[in-house]
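Report on the following structure.
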Amino acid sequence: MSTPGGPTWWHTAWAASLVAVGSVGMAGAWHHWLPVAVLVVGAVVPMVVLRLVIGLGVSRWATASVLVLLLTLTAYLMAAQAGTSLRGTLEDAIPLLLTEPRPYPVRADLLVAPLMLTALVSLFAGLRLDGRTRVEPVGGAVVLYVAGALLTTGRSDPWGILAGLLMVLALLGWVLLDEHTEPKRQRIAVSGPAVAVLVGALASLALVPAAHPFEPRTLVDPPVLLVEASSPLPQLCAWAANPDHELLRVRGDAVPLRLVTLDRYDGSQWKAATDYTRLGSIAAPPVAPGDRQRTSTVTVQFDGLGGQWLPSPGYPVSVSEVDALVDPTTGTLYDPAATLDTTYDVTGVVDAPDPSDLVSATVPASHEAARYLKQPDLPFALATYARVVTRRATSAYEQAIDIETAVKNGRRLSAKAISGSALWRIDNFLLGGPGRPGAQIGTSEQFATAFALLARFNGLPTRIVVGFKPGEPQSDGPRIIHGRDAMAWPEVYFTHLGWVPFSPTPRDNTFTRDRPKVSHAPVGDDQSTPAPTTAPNGGAAPADDEPAPAPDRVSAPSGWLPWALGAVVVLPLLLLAAIRRIRTLVHLRRGPTGAWSEVLDALRLAGMSVPPATTAPAIGDHADQSFGITVTRRLAEGAERVAFGPDPRPARRGHASDLRVVRRAARASLPWWRRWWWAFDPRVLGR
């Protein structure tokens, strides 16, 4: 903003308000009132004190230096209160903020860097209030707002309210505080529609969820704890052998609990995650969650389970155990301090798609989902079996249903079955004949693993979950989870739907309710799934009518909405530019008088007031003096000769080139940040 005079207290209040609004955006990373108050004070107090002391005649740079020293002392005391050094706190500020769980806890070491940034922006904006242009408060507020958006992945201002408020404050400063010669009434007439359009565009964009929001946390490796823990799959036999043994007492939502999620298979076993970090340190798992999710909260009390795994009703959102760590890929919770009587509250989310959407569900072909397809090459007989059981399926969901039915039918669940998930064990479990140990009999470990191997072979991203059924309700309130409630189940990832559980274990309907039926009779419905024909070399001969494995199905993203919203903003600007251009062409066809009309338009856009009674030559002289040119009066005289003739002399033909000189000079007189609007400014249309 340009102004011939010094800043007033209205300017100071306006600048402090802008910086304060920006600091509120950054304070959104904390869900607490105290950081909001601290950062707003850091935005307002330094600027107000700076302008007050400068008003008393003290040097502005001396005042700023003293205030910076006081700010540094405040930051030093905050760091000391947190038990860290100021240098170490500032050096580690960005990694600390990008790895700390969100929302941030109210700690001094987390507030030091944001407070210093806010106060320094406030001081810089206060120093620049004496300048010709006063865009620094707007720029500083934008810096703080963007910092908050990066720290929260845009969640600090989900509805765009703060962004709209910043825009309104910036335009109000231009309309009410700018001392340019352009009348305020004209500025209000321009800024009103502009505010409405821009705020409306912001509100529209805020309603559109970003498909792939930028997450700065991916640029920083969080502190990781290596945990060497074996998979709990073998423990299923022990739990099944003691069906009445109490493991957990649970209050809250009656949903299955997840103990450990396994997604890595090496041919001999499923491996548990080894890299754990604090809850909230990583933004998201490798694949995006489904469009619809269910949130559940439970209170869990250990009652014989033991170990360090913490059961959760889904991907953990919050947990009361302060020492709890999470595997960000699978959502498995681990507590190194867990005891035999650990009690905690945990909230988790699971994908909950509409059952009707499963029929047309697809699976992704992205590299993120490739990790859920990795496995060693299946033995020939097992690979042939995987093709056979899905040969009638026409969709990804039908493939999963056919595999579930084939694995379940004709086989028996037994707590005394041989444990293990190795390929030889699954091959024997599925294809072994009578008399072979482990043939056609297993625990939920073998049923879930068999499903996962067949599904991955057919291109379905799959993982295994070890967990518990909701448990048995008791008259005194809590549900009791016994050894018989422990089980393993597979999950398949579908595009936009997320992870969908299946129940290949006999007599288990935990995940089959309300599920749509397939349109054909899956192979194995008659409990006589054909085993592969034995070839002379001991392998299995493929059937003649076997189809090739189904390719990955990819759903086309719907990208029209961002384009539509962009058109809402761009099309009005293009329309204004077209109308302005047509107006100019009409003027130029009228010769010198039309050129003079274009001159008056240029003067109005440059903010130069033209009194109605002023003659054209006087206006031209004033414009030439203001812009440092000599052609405006010449254009005025040419227009008067044509308008008030007759003049025997022919009209001068150089008015077009003179007009270009006037336009360039008028546009150059504006601040750089207002020149872009020149071609779209609608004020001249009402002249």
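Residues in the structure tokens are named by chain (A, B, ... in the order shown) and by number from 1 within that chain; ligands are numbered from 1 in the order shown.
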
#### Entry: Backbone DSSP call of helix (DSSP H, G or I) for range 413-498 of chain A, listed as number ranges by chain
A: 423-431, 444-457, 483-485

Residues from last step as file, C-alpha atoms, as a PDB file, in the first residue's frame:
```pdb
ATOM      1  CA  LEU A 423       4.450 -73.060   1.809  1.00  0.00           C
ATOM      2  CA  TRP A 424       4.810 -76.805   2.330  1.00  0.00           C
ATOM      3  CA  ARG A 425       2.317 -76.615   5.225  1.00  0.00           C
ATOM      4  CA  ILE A 426      -0.270 -74.713   3.151  1.00  0.00           C
ATOM      5  CA  ASP A 427       0.292 -76.970   0.141  1.00  0.00           C
ATOM      6  CA  ASN A 428      -0.355 -80.003   2.336  1.00  0.00           C
ATOM      7  CA  PHE A 429      -3.322 -78.273   4.032  1.00  0.00           C
ATOM      8  CA  LEU A 430      -5.076 -77.521   0.736  1.00  0.00           C
ATOM      9  CA  LEU A 431      -4.002 -80.390  -1.516  1.00  0.00           C
ATOM     10  CA  SER A 444      -7.338 -70.241  11.652  1.00  0.00           C
ATOM     11  CA  GLU A 445      -3.621 -69.647  10.926  1.00  0.00           C
ATOM     12  CA  GLN A 446      -3.713 -72.071   7.994  1.00  0.00           C
ATOM     13  CA  PHE A 447      -7.136 -70.923   6.761  1.00  0.00           C
ATOM     14  CA  ALA A 448      -6.129 -67.250   6.759  1.00  0.00           C
ATOM     15  CA  THR A 449      -2.700 -67.944   5.226  1.00  0.00           C
ATOM     16  CA  ALA A 450      -4.188 -70.136   2.502  1.00  0.00           C
ATOM     17  CA  PHE A 451      -6.624 -67.354   1.572  1.00  0.00           C
ATOM     18  CA  ALA A 452      -3.818 -64.775   1.510  1.00  0.00           C
ATOM     19  CA  LEU A 453      -1.537 -66.853  -0.740  1.00  0.00           C
ATOM     20  CA  LEU A 454      -4.284 -67.658  -3.233  1.00  0.00           C
ATOM     21  CA  ALA A 455      -5.507 -64.046  -3.229  1.00  0.00           C
ATOM     22  CA  ARG A 456      -2.059 -62.563  -3.789  1.00  0.00           C
ATOM     23  CA  PHE A 457      -1.462 -65.022  -6.632  1.00  0.00           C
ATOM     24  CA  GLY A 483      -9.027 -68.258  24.228  1.00  0.00           C
ATOM     25  CA  ARG A 484     -11.740 -69.492  21.835  1.00  0.00           C
ATOM     26  CA  ASP A 485     -12.247 -65.906  20.631  1.00  0.00           C
TER      27      ASP A 485
END
```

### Query
Hey, what's within 10 Å of range 148-154 of chain A if we count only C-alpha atoms and toss same-chain stuff fewer than 4 positions away? As a PyMOL selection string, please?
chain A and resi 22-30+94+97-98+102-104+114+142-144+158-160+206+210+213-217+283

### Query
Skipping near chain neighbours, those fewer than 6 positions away, what residues fall within 10 Å of Val260 in chain A using only C-alpha atoms, listed as a ChimeraX atom specification?
/A:231-233,272-273,309-312,327,330-334,464-467,488

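Of the listed residues (A:Gly442, A:Gly459, A:Pro105, A:Gly55), A:Pro105 comes nearest to Trp33 in chain A; the distances count only C-alpha atoms.
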
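For the atom pair formed by CA of Ala16 in chain A and CA of Leu172 in chain A, the distance is 13.8 Å, given to one decimal.
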
Write out as a tab-separated table (two decimals) with C-alpha atoms, in the first residue's frame the residues lying within 10 Å of Asp341 in chain A, counting only C-alpha atoms and excluding same-chain residues fewer than 2 positions away.
```
chain	number	residue	atom	x	y	z
A	248	LEU	CA	-9.04	-59.70	28.15
A	300	VAL	CA	-9.04	-52.93	27.50
A	301	GLN	CA	-7.79	-54.69	30.63
A	302	PHE	CA	-5.25	-57.51	30.39
A	303	ASP	CA	-6.58	-60.61	32.13
A	304	GLY	CA	-4.14	-63.33	31.13
A	305	LEU	CA	-3.07	-62.20	27.65
A	306	GLY	CA	0.43	-60.99	28.55
A	338	ALA	CA	3.01	-53.45	29.35
A	339	THR	CA	2.35	-55.69	32.36
A	343	THR	CA	-5.43	-51.22	31.39
A	344	TYR	CA	-5.78	-48.57	28.71
```

### Message
Using DSSP assignments from the backbone, pull out every residue in range 319-423 of chain A that falls under strand (DSSP E or B) and give it to me as a VMD selection string.
### Response
chain A and resid 319 325 to 326 333 to 334 343 to 351 412 to 413

Hey, can you spit out that residue selection with C-alpha atoms as a PDB file, in the first residue's frame?
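The new file again.pdb reads:
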```pdb
ATOM      1  CA  VAL A 319      -4.239 -44.429  23.176  1.00  0.00           C
ATOM      2  CA  LEU A 325       4.406 -47.172  20.003  1.00  0.00           C
ATOM      3  CA  VAL A 326       2.819 -47.906  16.637  1.00  0.00           C
ATOM      4  CA  LEU A 333       0.365 -51.122  18.858  1.00  0.00           C
ATOM      5  CA  TYR A 334       3.341 -52.113  21.001  1.00  0.00           C
ATOM      6  CA  THR A 343      -5.433 -51.223  31.392  1.00  0.00           C
ATOM      7  CA  TYR A 344      -5.783 -48.573  28.706  1.00  0.00           C
ATOM      8  CA  ASP A 345      -8.247 -46.672  26.510  1.00  0.00           C
ATOM      9  CA  VAL A 346      -7.813 -46.828  22.762  1.00  0.00           C
ATOM     10  CA  THR A 347      -9.683 -45.368  19.791  1.00  0.00           C
ATOM     11  CA  GLY A 348      -9.264 -46.928  16.356  1.00  0.00           C
ATOM     12  CA  VAL A 349     -10.712 -46.617  12.871  1.00  0.00           C
ATOM     13  CA  VAL A 350     -11.456 -49.340  10.332  1.00  0.00           C
ATOM     14  CA  ASP A 351     -12.711 -49.120   6.785  1.00  0.00           C
ATOM     15  CA  ARG A 412     -11.962 -78.885   9.333  1.00  0.00           C
ATOM     16  CA  LEU A 413     -10.927 -76.493  12.109  1.00  0.00           C
TER      17      LEU A 413
END
```

### Task
For Ala643 in chain A, list every protein, DNA or RNA residue within 10 Å, evaluated using only C-alpha atoms, and leave out those in the same chain fewer than 6 positions away; present the list as a ChimeraX atom specification.
/A:592-593,637

Quick one: residues within 8 Å of Ile481 in chain A, only C-alpha atoms, excluding same-chain residues fewer than 2 positions away - as an mmCIF file with N, CA and C atoms, in the first residue's frame?
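New file result28.cif:
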```cif
data_model
loop_
_atom_site.group_PDB
_atom_site.id
_atom_site.type_symbol
_atom_site.label_atom_id
_atom_site.label_comp_id
_atom_site.auth_asym_id
_atom_site.auth_seq_id
_atom_site.Cartn_x
_atom_site.Cartn_y
_atom_site.Cartn_z
ATOM 1 N N GLU A 246 -9.409 -66.901 30.220
ATOM 2 C CA GLU A 246 -9.714 -65.488 30.032
ATOM 3 C C GLU A 246 -8.459 -64.727 29.615
ATOM 4 N N LEU A 247 -8.591 -63.950 28.558
ATOM 5 C CA LEU A 247 -7.468 -63.175 28.042
ATOM 6 C C LEU A 247 -7.617 -61.678 28.291
ATOM 7 N N LEU A 248 -8.825 -61.146 28.057
ATOM 8 C CA LEU A 248 -9.042 -59.701 28.148
ATOM 9 C C LEU A 248 -10.416 -59.410 28.715
ATOM 10 N N ARG A 249 -10.537 -58.231 29.348
ATOM 11 C CA ARG A 249 -11.831 -57.666 29.734
ATOM 12 C C ARG A 249 -11.968 -56.337 29.001
ATOM 13 N N VAL A 250 -13.090 -56.169 28.301
ATOM 14 C CA VAL A 250 -13.243 -55.029 27.397
ATOM 15 C C VAL A 250 -14.558 -54.319 27.683
ATOM 16 N N PHE A 468 -9.112 -60.843 17.941
ATOM 17 C CA PHE A 468 -10.104 -61.496 18.786
ATOM 18 C C PHE A 468 -11.505 -61.062 18.362
ATOM 19 N N LYS A 469 -12.460 -61.966 18.547
ATOM 20 C CA LYS A 469 -13.863 -61.625 18.399
ATOM 21 C C LYS A 469 -14.271 -60.670 19.521
ATOM 22 N N PRO A 470 -15.442 -60.004 19.405
ATOM 23 C CA PRO A 470 -15.822 -59.000 20.418
ATOM 24 C C PRO A 470 -15.884 -59.532 21.840
ATOM 25 N N GLY A 471 -16.084 -60.839 22.039
ATOM 26 C CA GLY A 471 -16.122 -61.388 23.387
ATOM 27 C C GLY A 471 -17.526 -61.624 23.892
ATOM 28 N N GLU A 472 -17.610 -62.180 25.076
ATOM 29 C CA GLU A 472 -18.890 -62.573 25.674
ATOM 30 C C GLU A 472 -19.342 -61.525 26.684
ATOM 31 N N ARG A 479 -17.114 -57.107 28.660
ATOM 32 C CA ARG A 479 -17.126 -58.346 27.897
ATOM 33 C C ARG A 479 -15.823 -59.088 28.156
ATOM 34 N N GLY A 483 -9.931 -67.672 25.205
ATOM 35 C CA GLY A 483 -9.027 -68.258 24.228
ATOM 36 C C GLY A 483 -9.731 -68.657 22.951
ATOM 37 N N ASP A 485 -11.952 -67.090 21.440
ATOM 38 C CA ASP A 485 -12.247 -65.906 20.631
ATOM 39 C C ASP A 485 -11.051 -65.455 19.802
#
```

### Query
Could you name the residues that touch Val492 in chain A at 9 Å or less, counting only C-alpha atoms, but leaving out those on the same chain fewer than 5 positions away, as an MDAnalysis selection string?
chainID A and resid 363 400 452 455 460:463 498:502

Output N, CA and C atoms for every residue in that selection, as a PDB file, in the first residue's frame.
```pdb
ATOM      1  N   VAL A 363      -9.201 -53.306  -7.572  1.00  0.00           N
ATOM      2  CA  VAL A 363      -7.978 -53.284  -6.764  1.00  0.00           C
ATOM      3  C   VAL A 363      -6.961 -52.394  -7.464  1.00  0.00           C
ATOM      4  N   ALA A 400     -12.336 -62.899  -4.505  1.00  0.00           N
ATOM      5  CA  ALA A 400     -12.145 -63.056  -3.065  1.00  0.00           C
ATOM      6  C   ALA A 400     -13.192 -63.997  -2.472  1.00  0.00           C
ATOM      7  N   ALA A 452      -4.728 -65.852   1.898  1.00  0.00           N
ATOM      8  CA  ALA A 452      -3.818 -64.775   1.510  1.00  0.00           C
ATOM      9  C   ALA A 452      -2.937 -65.185   0.339  1.00  0.00           C
ATOM     10  N   ALA A 455      -5.062 -65.387  -2.823  1.00  0.00           N
ATOM     11  CA  ALA A 455      -5.507 -64.046  -3.229  1.00  0.00           C
ATOM     12  C   ALA A 455      -4.357 -63.256  -3.847  1.00  0.00           C
ATOM     13  N   LEU A 460      -4.801 -59.858  -5.789  1.00  0.00           N
ATOM     14  CA  LEU A 460      -5.561 -59.140  -4.763  1.00  0.00           C
ATOM     15  C   LEU A 460      -4.619 -58.756  -3.624  1.00  0.00           C
ATOM     16  N   PRO A 461      -4.418 -57.452  -3.360  1.00  0.00           N
ATOM     17  CA  PRO A 461      -3.572 -57.042  -2.227  1.00  0.00           C
ATOM     18  C   PRO A 461      -4.168 -57.559  -0.916  1.00  0.00           C
ATOM     19  N   THR A 462      -3.404 -58.349  -0.170  1.00  0.00           N
ATOM     20  CA  THR A 462      -3.950 -59.053   0.992  1.00  0.00           C
ATOM     21  C   THR A 462      -2.962 -59.003   2.150  1.00  0.00           C
ATOM     22  N   ARG A 463      -3.502 -58.995   3.355  1.00  0.00           N
ATOM     23  CA  ARG A 463      -2.713 -59.097   4.579  1.00  0.00           C
ATOM     24  C   ARG A 463      -3.489 -59.943   5.574  1.00  0.00           C
ATOM     25  N   GLY A 498     -10.929 -49.438   0.833  1.00  0.00           N
ATOM     26  CA  GLY A 498     -10.011 -49.772   1.918  1.00  0.00           C
ATOM     27  C   GLY A 498      -9.920 -51.269   2.148  1.00  0.00           C
ATOM     28  N   TRP A 499      -9.559 -51.624   3.381  1.00  0.00           N
ATOM     29  CA  TRP A 499      -9.342 -53.023   3.746  1.00  0.00           C
ATOM     30  C   TRP A 499     -10.676 -53.671   4.138  1.00  0.00           C
ATOM     31  N   VAL A 500     -10.995 -54.765   3.459  1.00  0.00           N
ATOM     32  CA  VAL A 500     -12.246 -55.493   3.684  1.00  0.00           C
ATOM     33  C   VAL A 500     -11.907 -56.878   4.225  1.00  0.00           C
ATOM     34  N   PRO A 501     -12.386 -57.257   5.425  1.00  0.00           N
ATOM     35  CA  PRO A 501     -12.063 -58.570   6.003  1.00  0.00           C
ATOM     36  C   PRO A 501     -12.913 -59.683   5.388  1.00  0.00           C
ATOM     37  N   PHE A 502     -12.361 -60.902   5.387  1.00  0.00           N
ATOM     38  CA  PHE A 502     -13.070 -62.091   4.917  1.00  0.00           C
ATOM     39  C   PHE A 502     -12.947 -63.183   5.973  1.00  0.00           C
TER      40      PHE A 502
END
```

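Of the listed residues A:Pro46, A:Gly267, A:Gly173, A:Pro617, the one whose atoms come nearest to Val631 in chain A is A:Pro617, with distances taken using only C-alpha atoms.
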
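Comparing the minimum interatomic distances between Ala679 in chain A and each of A:Ala369, A:Met608, A:Ala578, A:Leu659, counting only C-alpha atoms, we find that A:Ala578 sits nearest.
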
### Query
So which one's closest to Cys237 in chain A, A:Ser657, A:Ser414, A:Thr512, A:Thr394? Using only C-alpha atoms, please.
A:Ser414

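For the pair CA of Val44 in chain A and CA of Pro101 in chain A, the interatomic distance is 28.6 Å.
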
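Pairwise distance (CA of Thr615 in chain A, CA of Ala656 in chain A) equals 21.2 Å.
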
### Query
With distances taken over only C-alpha atoms, which of A:Leu576, A:Val45, A:Ala113, A:Ala254 is nearest to Arg87 in chain A?
A:Ala113

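Minimum atom-to-atom distances from A:Arg507, A:His11, A:Arg667, A:His245 to Lys408 in chain A were compared using only C-alpha atoms, and the lowest value belongs to A:Arg507.
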